[in-house]
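Here's work-v2.cif, which has mmCIF, N, CA and C atoms, pLDDT in the B column; chains and numbers go by the auth columns:
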```cif
data_data
loop_
_atom_site.group_PDB
_atom_site.id
_atom_site.type_symbol
_atom_site.label_atom_id
_atom_site.label_comp_id
_atom_site.label_asym_id
_atom_site.label_seq_id
_atom_site.Cartn_x
_atom_site.Cartn_y
_atom_site.Cartn_z
_atom_site.B_iso_or_equiv
_atom_site.auth_seq_id
_atom_site.auth_asym_id
ATOM 1 N N MET A 1 0.843 -1.155 0.000 59.00 1 A
ATOM 2 C CA MET A 1 0.000 0.000 0.000 59.00 1 A
ATOM 3 C C MET A 1 0.903 1.237 0.000 59.00 1 A
ATOM 4 N N SER A 2 0.468 2.231 -0.697 83.00 2 A
ATOM 5 C CA SER A 2 1.287 3.435 -0.803 83.00 2 A
ATOM 6 C C SER A 2 1.110 4.313 0.427 83.00 2 A
ATOM 7 N N GLN A 3 2.015 5.259 0.579 84.00 3 A
ATOM 8 C CA GLN A 3 1.987 6.187 1.717 84.00 3 A
ATOM 9 C C GLN A 3 0.683 6.979 1.746 84.00 3 A
ATOM 10 N N ALA A 4 0.197 7.382 0.611 79.00 4 A
ATOM 11 C CA ALA A 4 -1.050 8.159 0.537 79.00 4 A
ATOM 12 C C ALA A 4 -2.222 7.335 1.050 79.00 4 A
ATOM 13 N N ARG A 5 -2.250 6.039 0.726 84.00 5 A
ATOM 14 C CA ARG A 5 -3.348 5.184 1.198 84.00 5 A
ATOM 15 C C ARG A 5 -3.292 5.018 2.720 84.00 5 A
ATOM 16 N N TYR A 6 -2.079 4.856 3.262 82.00 6 A
ATOM 17 C CA TYR A 6 -1.936 4.754 4.717 82.00 6 A
ATOM 18 C C TYR A 6 -2.424 6.032 5.400 82.00 6 A
ATOM 19 N N GLN A 7 -2.068 7.173 4.824 85.00 7 A
ATOM 20 C CA GLN A 7 -2.492 8.445 5.403 85.00 7 A
ATOM 21 C C GLN A 7 -4.004 8.616 5.301 85.00 7 A
ATOM 22 N N ALA A 8 -4.577 8.207 4.174 82.00 8 A
ATOM 23 C CA ALA A 8 -6.022 8.304 3.992 82.00 8 A
ATOM 24 C C ALA A 8 -6.741 7.389 4.983 82.00 8 A
ATOM 25 N N ALA A 9 -6.209 6.191 5.184 85.00 9 A
ATOM 26 C CA ALA A 9 -6.807 5.254 6.132 85.00 9 A
ATOM 27 C C ALA A 9 -6.711 5.805 7.549 85.00 9 A
ATOM 28 N N ASP A 10 -5.584 6.435 7.859 84.00 10 A
ATOM 29 C CA ASP A 10 -5.401 7.025 9.192 84.00 10 A
ATOM 30 C C ASP A 10 -6.386 8.177 9.417 84.00 10 A
ATOM 31 N N VAL A 11 -6.548 9.018 8.411 87.00 11 A
ATOM 32 C CA VAL A 11 -7.503 10.135 8.505 87.00 11 A
ATOM 33 C C VAL A 11 -8.919 9.589 8.664 87.00 11 A
ATOM 34 N N GLU A 12 -9.226 8.547 7.928 90.00 12 A
ATOM 35 C CA GLU A 12 -10.554 7.939 8.008 90.00 12 A
ATOM 36 C C GLU A 12 -10.787 7.369 9.415 90.00 12 A
ATOM 37 N N ASP A 13 -9.780 6.682 9.968 88.00 13 A
ATOM 38 C CA ASP A 13 -9.912 6.122 11.312 88.00 13 A
ATOM 39 C C ASP A 13 -10.097 7.221 12.359 88.00 13 A
ATOM 40 N N ARG A 14 -9.322 8.296 12.251 91.00 14 A
ATOM 41 C CA ARG A 14 -9.454 9.393 13.200 91.00 14 A
ATOM 42 C C ARG A 14 -10.817 10.074 13.079 91.00 14 A
ATOM 43 N N ALA A 15 -11.299 10.228 11.855 90.00 15 A
ATOM 44 C CA ALA A 15 -12.609 10.845 11.644 90.00 15 A
ATOM 45 C C ALA A 15 -13.710 9.959 12.244 90.00 15 A
ATOM 46 N N ALA A 16 -13.601 8.644 12.031 90.00 16 A
ATOM 47 C CA ALA A 16 -14.590 7.724 12.587 90.00 16 A
ATOM 48 C C ALA A 16 -14.563 7.778 14.113 90.00 16 A
ATOM 49 N N GLN A 17 -13.372 7.849 14.684 93.00 17 A
ATOM 50 C CA GLN A 17 -13.251 7.929 16.137 93.00 17 A
ATOM 51 C C GLN A 17 -13.836 9.236 16.662 93.00 17 A
ATOM 52 N N THR A 18 -13.592 10.330 15.965 93.00 18 A
ATOM 53 C CA THR A 18 -14.131 11.625 16.364 93.00 18 A
ATOM 54 C C THR A 18 -15.657 11.612 16.315 93.00 18 A
ATOM 55 N N ILE A 19 -16.209 11.034 15.265 94.00 19 A
ATOM 56 C CA ILE A 19 -17.665 10.934 15.132 94.00 19 A
ATOM 57 C C ILE A 19 -18.237 10.054 16.244 94.00 19 A
ATOM 58 N N SER A 20 -17.559 8.940 16.515 93.00 20 A
ATOM 59 C CA SER A 20 -18.007 8.047 17.584 93.00 20 A
ATOM 60 C C SER A 20 -17.965 8.752 18.939 93.00 20 A
ATOM 61 N N ASP A 21 -16.892 9.489 19.205 92.00 21 A
ATOM 62 C CA ASP A 21 -16.778 10.234 20.461 92.00 21 A
ATOM 63 C C ASP A 21 -17.883 11.279 20.589 92.00 21 A
ATOM 64 N N ALA A 22 -18.162 11.973 19.488 94.00 22 A
ATOM 65 C CA ALA A 22 -19.215 12.995 19.491 94.00 22 A
ATOM 66 C C ALA A 22 -20.586 12.359 19.736 94.00 22 A
ATOM 67 N N ALA A 23 -20.827 11.214 19.112 94.00 23 A
ATOM 68 C CA ALA A 23 -22.108 10.524 19.301 94.00 23 A
ATOM 69 C C ALA A 23 -22.253 10.057 20.750 94.00 23 A
ATOM 70 N N ASN A 24 -21.172 9.546 21.315 94.00 24 A
ATOM 71 C CA ASN A 24 -21.218 9.117 22.716 94.00 24 A
ATOM 72 C C ASN A 24 -21.468 10.303 23.650 94.00 24 A
ATOM 73 N N ALA A 25 -20.823 11.422 23.379 95.00 25 A
ATOM 74 C CA ALA A 25 -21.023 12.619 24.198 95.00 25 A
ATOM 75 C C ALA A 25 -22.461 13.122 24.068 95.00 25 A
ATOM 76 N N ALA A 26 -22.996 13.104 22.864 95.00 26 A
ATOM 77 C CA ALA A 26 -24.381 13.545 22.666 95.00 26 A
ATOM 78 C C ALA A 26 -25.346 12.612 23.390 95.00 26 A
ATOM 79 N N GLY A 27 -25.089 11.318 23.321 94.00 27 A
ATOM 80 C CA GLY A 27 -25.936 10.356 24.028 94.00 27 A
ATOM 81 C C GLY A 27 -25.907 10.574 25.523 94.00 27 A
ATOM 82 N N ALA A 28 -24.719 10.834 26.067 95.00 28 A
ATOM 83 C CA ALA A 28 -24.595 11.096 27.500 95.00 28 A
ATOM 84 C C ALA A 28 -25.342 12.372 27.887 95.00 28 A
ATOM 85 N N ALA A 29 -25.250 13.388 27.046 95.00 29 A
ATOM 86 C CA ALA A 29 -25.945 14.651 27.327 95.00 29 A
ATOM 87 C C ALA A 29 -27.457 14.443 27.318 95.00 29 A
ATOM 88 N N VAL A 30 -27.955 13.651 26.388 96.00 30 A
ATOM 89 C CA VAL A 30 -29.392 13.371 26.318 96.00 30 A
ATOM 90 C C VAL A 30 -29.830 12.579 27.545 96.00 30 A
ATOM 91 N N ARG A 31 -29.036 11.590 27.957 95.00 31 A
ATOM 92 C CA ARG A 31 -29.370 10.814 29.152 95.00 31 A
ATOM 93 C C ARG A 31 -29.394 11.707 30.392 95.00 31 A
ATOM 94 N N ASP A 32 -28.410 12.598 30.507 95.00 32 A
ATOM 95 C CA ASP A 32 -28.374 13.514 31.649 95.00 32 A
ATOM 96 C C ASP A 32 -29.584 14.438 31.656 95.00 32 A
ATOM 97 N N ALA A 33 -29.919 14.978 30.486 96.00 33 A
ATOM 98 C CA ALA A 33 -31.070 15.881 30.390 96.00 33 A
ATOM 99 C C ALA A 33 -32.362 15.147 30.714 96.00 33 A
ATOM 100 N N THR A 34 -32.486 13.916 30.247 96.00 34 A
ATOM 101 C CA THR A 34 -33.679 13.121 30.518 96.00 34 A
ATOM 102 C C THR A 34 -33.803 12.823 32.006 96.00 34 A
ATOM 103 N N SER A 35 -32.681 12.479 32.624 95.00 35 A
ATOM 104 C CA SER A 35 -32.681 12.203 34.060 95.00 35 A
ATOM 105 C C SER A 35 -33.071 13.452 34.843 95.00 35 A
ATOM 106 N N HIS A 36 -32.512 14.592 34.463 95.00 36 A
ATOM 107 C CA HIS A 36 -32.838 15.853 35.139 95.00 36 A
ATOM 108 C C HIS A 36 -34.315 16.188 34.961 95.00 36 A
ATOM 109 N N PHE A 37 -34.832 16.005 33.753 96.00 37 A
ATOM 110 C CA PHE A 37 -36.243 16.282 33.486 96.00 37 A
ATOM 111 C C PHE A 37 -37.130 15.362 34.322 96.00 37 A
ATOM 112 N N ARG A 38 -36.767 14.089 34.398 95.00 38 A
ATOM 113 C CA ARG A 38 -37.553 13.124 35.172 95.00 38 A
ATOM 114 C C ARG A 38 -37.580 13.514 36.646 95.00 38 A
ATOM 115 N N GLU A 39 -36.433 13.910 37.194 96.00 39 A
ATOM 116 C CA GLU A 39 -36.374 14.330 38.596 96.00 39 A
ATOM 117 C C GLU A 39 -37.208 15.584 38.834 96.00 39 A
ATOM 118 N N THR A 40 -37.091 16.543 37.925 96.00 40 A
ATOM 119 C CA THR A 40 -37.852 17.785 38.068 96.00 40 A
ATOM 120 C C THR A 40 -39.351 17.515 37.979 96.00 40 A
ATOM 121 N N ALA A 41 -39.761 16.685 37.031 97.00 41 A
ATOM 122 C CA ALA A 41 -41.175 16.356 36.885 97.00 41 A
ATOM 123 C C ALA A 41 -41.693 15.632 38.123 97.00 41 A
ATOM 124 N N SER A 42 -40.875 14.756 38.681 96.00 42 A
ATOM 125 C CA SER A 42 -41.273 14.045 39.894 96.00 42 A
ATOM 126 C C SER A 42 -41.440 15.010 41.058 96.00 42 A
ATOM 127 N N ASP A 43 -40.517 15.945 41.194 96.00 43 A
ATOM 128 C CA ASP A 43 -40.616 16.946 42.265 96.00 43 A
ATOM 129 C C ASP A 43 -41.865 17.807 42.108 96.00 43 A
ATOM 130 N N ILE A 44 -42.128 18.244 40.895 97.00 44 A
ATOM 131 C CA ILE A 44 -43.315 19.065 40.635 97.00 44 A
ATOM 132 C C ILE A 44 -44.576 18.269 40.927 97.00 44 A
ATOM 133 N N GLY A 45 -44.604 17.027 40.510 96.00 45 A
ATOM 134 C CA GLY A 45 -45.765 16.175 40.776 96.00 45 A
ATOM 135 C C GLY A 45 -46.010 15.994 42.261 96.00 45 A
ATOM 136 N N ALA A 46 -44.936 15.824 43.027 96.00 46 A
ATOM 137 C CA ALA A 46 -45.080 15.670 44.479 96.00 46 A
ATOM 138 C C ALA A 46 -45.608 16.951 45.108 96.00 46 A
ATOM 139 N N ARG A 47 -45.101 18.095 44.654 96.00 47 A
ATOM 140 C CA ARG A 47 -45.583 19.371 45.201 96.00 47 A
ATOM 141 C C ARG A 47 -47.052 19.593 44.872 96.00 47 A
ATOM 142 N N VAL A 48 -47.430 19.313 43.636 97.00 48 A
ATOM 143 C CA VAL A 48 -48.832 19.483 43.230 97.00 48 A
ATOM 144 C C VAL A 48 -49.724 18.554 44.044 97.00 48 A
ATOM 145 N N SER A 49 -49.268 17.340 44.256 96.00 49 A
ATOM 146 C CA SER A 49 -50.053 16.385 45.036 96.00 49 A
ATOM 147 C C SER A 49 -50.244 16.862 46.469 96.00 49 A
ATOM 148 N N ARG A 50 -49.170 17.387 47.080 96.00 50 A
ATOM 149 C CA ARG A 50 -49.293 17.900 48.457 96.00 50 A
ATOM 150 C C ARG A 50 -50.262 19.073 48.520 96.00 50 A
ATOM 151 N N ARG A 51 -50.166 19.971 47.537 96.00 51 A
ATOM 152 C CA ARG A 51 -51.070 21.129 47.534 96.00 51 A
ATOM 153 C C ARG A 51 -52.519 20.698 47.308 96.00 51 A
ATOM 154 N N ALA A 52 -52.720 19.736 46.414 96.00 52 A
ATOM 155 C CA ALA A 52 -54.080 19.248 46.157 96.00 52 A
ATOM 156 C C ALA A 52 -54.647 18.582 47.406 96.00 52 A
ATOM 157 N N ASP A 53 -53.823 17.789 48.087 95.00 53 A
ATOM 158 C CA ASP A 53 -54.281 17.167 49.333 95.00 53 A
ATOM 159 C C ASP A 53 -54.667 18.228 50.347 95.00 53 A
ATOM 160 N N GLY A 54 -53.844 19.270 50.455 95.00 54 A
ATOM 161 C CA GLY A 54 -54.145 20.357 51.387 95.00 54 A
ATOM 162 C C GLY A 54 -55.450 21.049 51.037 95.00 54 A
ATOM 163 N N ALA A 55 -55.664 21.281 49.743 95.00 55 A
ATOM 164 C CA ALA A 55 -56.891 21.943 49.306 95.00 55 A
ATOM 165 C C ALA A 55 -58.113 21.066 49.582 95.00 55 A
ATOM 166 N N VAL A 56 -57.981 19.775 49.343 95.00 56 A
ATOM 167 C CA VAL A 56 -59.103 18.859 49.600 95.00 56 A
ATOM 168 C C VAL A 56 -59.412 18.818 51.097 95.00 56 A
ATOM 169 N N ASN A 57 -58.363 18.761 51.901 95.00 57 A
ATOM 170 C CA ASN A 57 -58.582 18.751 53.355 95.00 57 A
ATOM 171 C C ASN A 57 -59.236 20.044 53.833 95.00 57 A
ATOM 172 N N GLN A 58 -58.788 21.172 53.278 94.00 58 A
ATOM 173 C CA GLN A 58 -59.368 22.456 53.652 94.00 58 A
ATOM 174 C C GLN A 58 -60.837 22.517 53.236 94.00 58 A
ATOM 175 N N LEU A 59 -61.140 22.037 52.039 91.00 59 A
ATOM 176 C CA LEU A 59 -62.520 22.022 51.567 91.00 59 A
ATOM 177 C C LEU A 59 -63.380 21.113 52.444 91.00 59 A
ATOM 178 N N ALA A 60 -62.857 19.960 52.797 93.00 60 A
ATOM 179 C CA ALA A 60 -63.605 19.036 53.648 93.00 60 A
ATOM 180 C C ALA A 60 -63.885 19.676 55.004 93.00 60 A
ATOM 181 N N ASP A 61 -62.906 20.390 55.540 93.00 61 A
ATOM 182 C CA ASP A 61 -63.123 21.083 56.822 93.00 61 A
ATOM 183 C C ASP A 61 -64.218 22.129 56.703 93.00 61 A
ATOM 184 N N ARG A 62 -64.203 22.880 55.634 91.00 62 A
ATOM 185 C CA ARG A 62 -65.234 23.923 55.459 91.00 62 A
ATOM 186 C C ARG A 62 -66.617 23.319 55.283 91.00 62 A
ATOM 187 N N VAL A 63 -66.688 22.210 54.554 91.00 63 A
ATOM 188 C CA VAL A 63 -67.990 21.557 54.360 91.00 63 A
ATOM 189 C C VAL A 63 -68.511 21.044 55.694 91.00 63 A
ATOM 190 N N GLU A 64 -67.605 20.506 56.535 93.00 64 A
ATOM 191 C CA GLU A 64 -68.030 20.046 57.855 93.00 64 A
ATOM 192 C C GLU A 64 -68.491 21.200 58.726 93.00 64 A
ATOM 193 N N GLU A 65 -67.832 22.351 58.600 94.00 65 A
ATOM 194 C CA GLU A 65 -68.190 23.514 59.415 94.00 65 A
ATOM 195 C C GLU A 65 -69.507 24.148 58.960 94.00 65 A
ATOM 196 N N GLN A 66 -69.741 24.174 57.642 93.00 66 A
ATOM 197 C CA GLN A 66 -70.922 24.837 57.099 93.00 66 A
ATOM 198 C C GLN A 66 -71.566 23.966 56.013 93.00 66 A
ATOM 199 N N PRO A 67 -72.227 22.885 56.404 93.00 67 A
ATOM 200 C CA PRO A 67 -72.775 21.954 55.406 93.00 67 A
ATOM 201 C C PRO A 67 -73.898 22.558 54.546 93.00 67 A
ATOM 202 N N ILE A 68 -74.713 23.401 55.124 94.00 68 A
ATOM 203 C CA ILE A 68 -75.823 23.990 54.362 94.00 68 A
ATOM 204 C C ILE A 68 -75.280 24.921 53.280 94.00 68 A
ATOM 205 N N SER A 69 -74.332 25.758 53.633 93.00 69 A
ATOM 206 C CA SER A 69 -73.728 26.660 52.649 93.00 69 A
ATOM 207 C C SER A 69 -73.053 25.874 51.532 93.00 69 A
ATOM 208 N N ALA A 70 -72.350 24.810 51.911 92.00 70 A
ATOM 209 C CA ALA A 70 -71.670 23.992 50.912 92.00 70 A
ATOM 210 C C ALA A 70 -72.688 23.357 49.963 92.00 70 A
ATOM 211 N N LEU A 71 -73.782 22.883 50.500 93.00 71 A
ATOM 212 C CA LEU A 71 -74.818 22.268 49.675 93.00 71 A
ATOM 213 C C LEU A 71 -75.431 23.286 48.720 93.00 71 A
ATOM 214 N N LEU A 72 -75.705 24.498 49.214 94.00 72 A
ATOM 215 C CA LEU A 72 -76.278 25.535 48.349 94.00 72 A
ATOM 216 C C LEU A 72 -75.297 25.961 47.256 94.00 72 A
ATOM 217 N N ILE A 73 -74.036 26.083 47.605 93.00 73 A
ATOM 218 C CA ILE A 73 -73.021 26.449 46.599 93.00 73 A
ATOM 219 C C ILE A 73 -72.902 25.356 45.544 93.00 73 A
ATOM 220 N N ALA A 74 -72.855 24.097 45.991 93.00 74 A
ATOM 221 C CA ALA A 74 -72.750 22.989 45.039 93.00 74 A
ATOM 222 C C ALA A 74 -73.972 22.944 44.117 93.00 74 A
ATOM 223 N N GLY A 75 -75.145 23.186 44.692 94.00 75 A
ATOM 224 C CA GLY A 75 -76.361 23.212 43.873 94.00 75 A
ATOM 225 C C GLY A 75 -76.330 24.345 42.861 94.00 75 A
ATOM 226 N N GLY A 76 -75.861 25.518 43.286 95.00 76 A
ATOM 227 C CA GLY A 76 -75.769 26.657 42.370 95.00 76 A
ATOM 228 C C GLY A 76 -74.796 26.398 41.241 95.00 76 A
ATOM 229 N N VAL A 77 -73.658 25.800 41.572 95.00 77 A
ATOM 230 C CA VAL A 77 -72.674 25.475 40.531 95.00 77 A
ATOM 231 C C VAL A 77 -73.264 24.456 39.563 95.00 77 A
ATOM 232 N N GLY A 78 -73.964 23.456 40.100 94.00 78 A
ATOM 233 C CA GLY A 78 -74.601 22.458 39.236 94.00 78 A
ATOM 234 C C GLY A 78 -75.651 23.064 38.325 94.00 78 A
ATOM 235 N N LEU A 79 -76.456 23.959 38.865 95.00 79 A
ATOM 236 C CA LEU A 79 -77.482 24.630 38.072 95.00 79 A
ATOM 237 C C LEU A 79 -76.853 25.471 36.974 95.00 79 A
ATOM 238 N N LEU A 80 -75.818 26.232 37.329 95.00 80 A
ATOM 239 C CA LEU A 80 -75.119 27.055 36.341 95.00 80 A
ATOM 240 C C LEU A 80 -74.508 26.199 35.236 95.00 80 A
ATOM 241 N N ALA A 81 -73.870 25.098 35.623 95.00 81 A
ATOM 242 C CA ALA A 81 -73.281 24.199 34.630 95.00 81 A
ATOM 243 C C ALA A 81 -74.354 23.623 33.721 95.00 81 A
ATOM 244 N N GLY A 82 -75.484 23.260 34.317 93.00 82 A
ATOM 245 C CA GLY A 82 -76.593 22.711 33.516 93.00 82 A
ATOM 246 C C GLY A 82 -77.121 23.730 32.520 93.00 82 A
ATOM 247 N N LEU A 83 -77.261 24.968 32.949 93.00 83 A
ATOM 248 C CA LEU A 83 -77.750 26.011 32.049 93.00 83 A
ATOM 249 C C LEU A 83 -76.765 26.275 30.909 93.00 83 A
ATOM 250 N N LEU A 84 -75.478 26.304 31.248 92.00 84 A
ATOM 251 C CA LEU A 84 -74.472 26.547 30.215 92.00 84 A
ATOM 252 C C LEU A 84 -74.406 25.395 29.216 92.00 84 A
ATOM 253 N N LEU A 85 -74.534 24.174 29.704 92.00 85 A
ATOM 254 C CA LEU A 85 -74.491 23.024 28.797 92.00 85 A
ATOM 255 C C LEU A 85 -75.760 22.916 27.962 92.00 85 A
ATOM 256 N N ALA A 86 -76.886 23.374 28.497 90.00 86 A
ATOM 257 C CA ALA A 86 -78.144 23.310 27.763 90.00 86 A
ATOM 258 C C ALA A 86 -78.150 24.270 26.572 90.00 86 A
ATOM 259 N N ARG A 87 -77.340 25.304 26.616 83.00 87 A
ATOM 260 C CA ARG A 87 -77.294 26.289 25.517 83.00 87 A
ATOM 261 C C ARG A 87 -76.565 25.732 24.300 83.00 87 A
ATOM 262 N N ARG A 88 -75.831 24.707 24.459 71.00 88 A
ATOM 263 C CA ARG A 88 -75.044 24.147 23.344 71.00 88 A
ATOM 264 C C ARG A 88 -75.924 23.556 22.344 71.00 88 A
#
```
Here is the file; what I need is its structure written in the form of structure tokens.
Amino acid sequence: MSQARYQAADVEDRAAQTISDAANAAGAAVRDATSHFRETASDIGARVSRRADGAVNQLADRVEEQPISALLIAGGVGLLAGLLLARR
């Protein structure tokens, strides 16, 4: 094989290695970003769940304290929803 062919093969090998290294780095970056996104989404989900639980507990306490008012409000909301849906 001539010197030019050896040099071309060497350049080709280095280029393939560079491409492989870049692909591996990109894959690692995507895995890291995915892991970070998953952790962030999990944290947000936990916070939303805690707040929703708090809101449900607060609502339950208010309904226990004032059951008649809660019943009238629920009836009014139901009536309003029924009227709005009937217009469709």
> Suppose you want the space between atom N of Ala41 of chain A and atom C of Asp53 of chain A; what is it in Å?
Replying inline: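 Distance between the two atoms: 20.0 Å.
Across the model, the gap from atom C of Ala33 of chain A to atom N of Thr18 of chain A is 24.4 Å.
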Just need the box for segment 63-71 of chain A, edges along x, y and z, holding every atom the file lists for it with 3 Å tacked onto each side, so centre and edge lengths in Å to one decimal, as lines of an AutoDock Vina configuration file.
```
center_x = -71.3
center_y = 23.4
center_z = 54.1
size_x = 15.1
size_y = 12.6
size_z = 16.7
```
> In Å to one decimal, how far is atom C of Gly76 of chain A from atom C of Gly54 of chain A?
Replying inline: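 Result for atom C of Gly54 of chain A versus atom C of Gly76 of chain A: 22.3 Å, one decimal.
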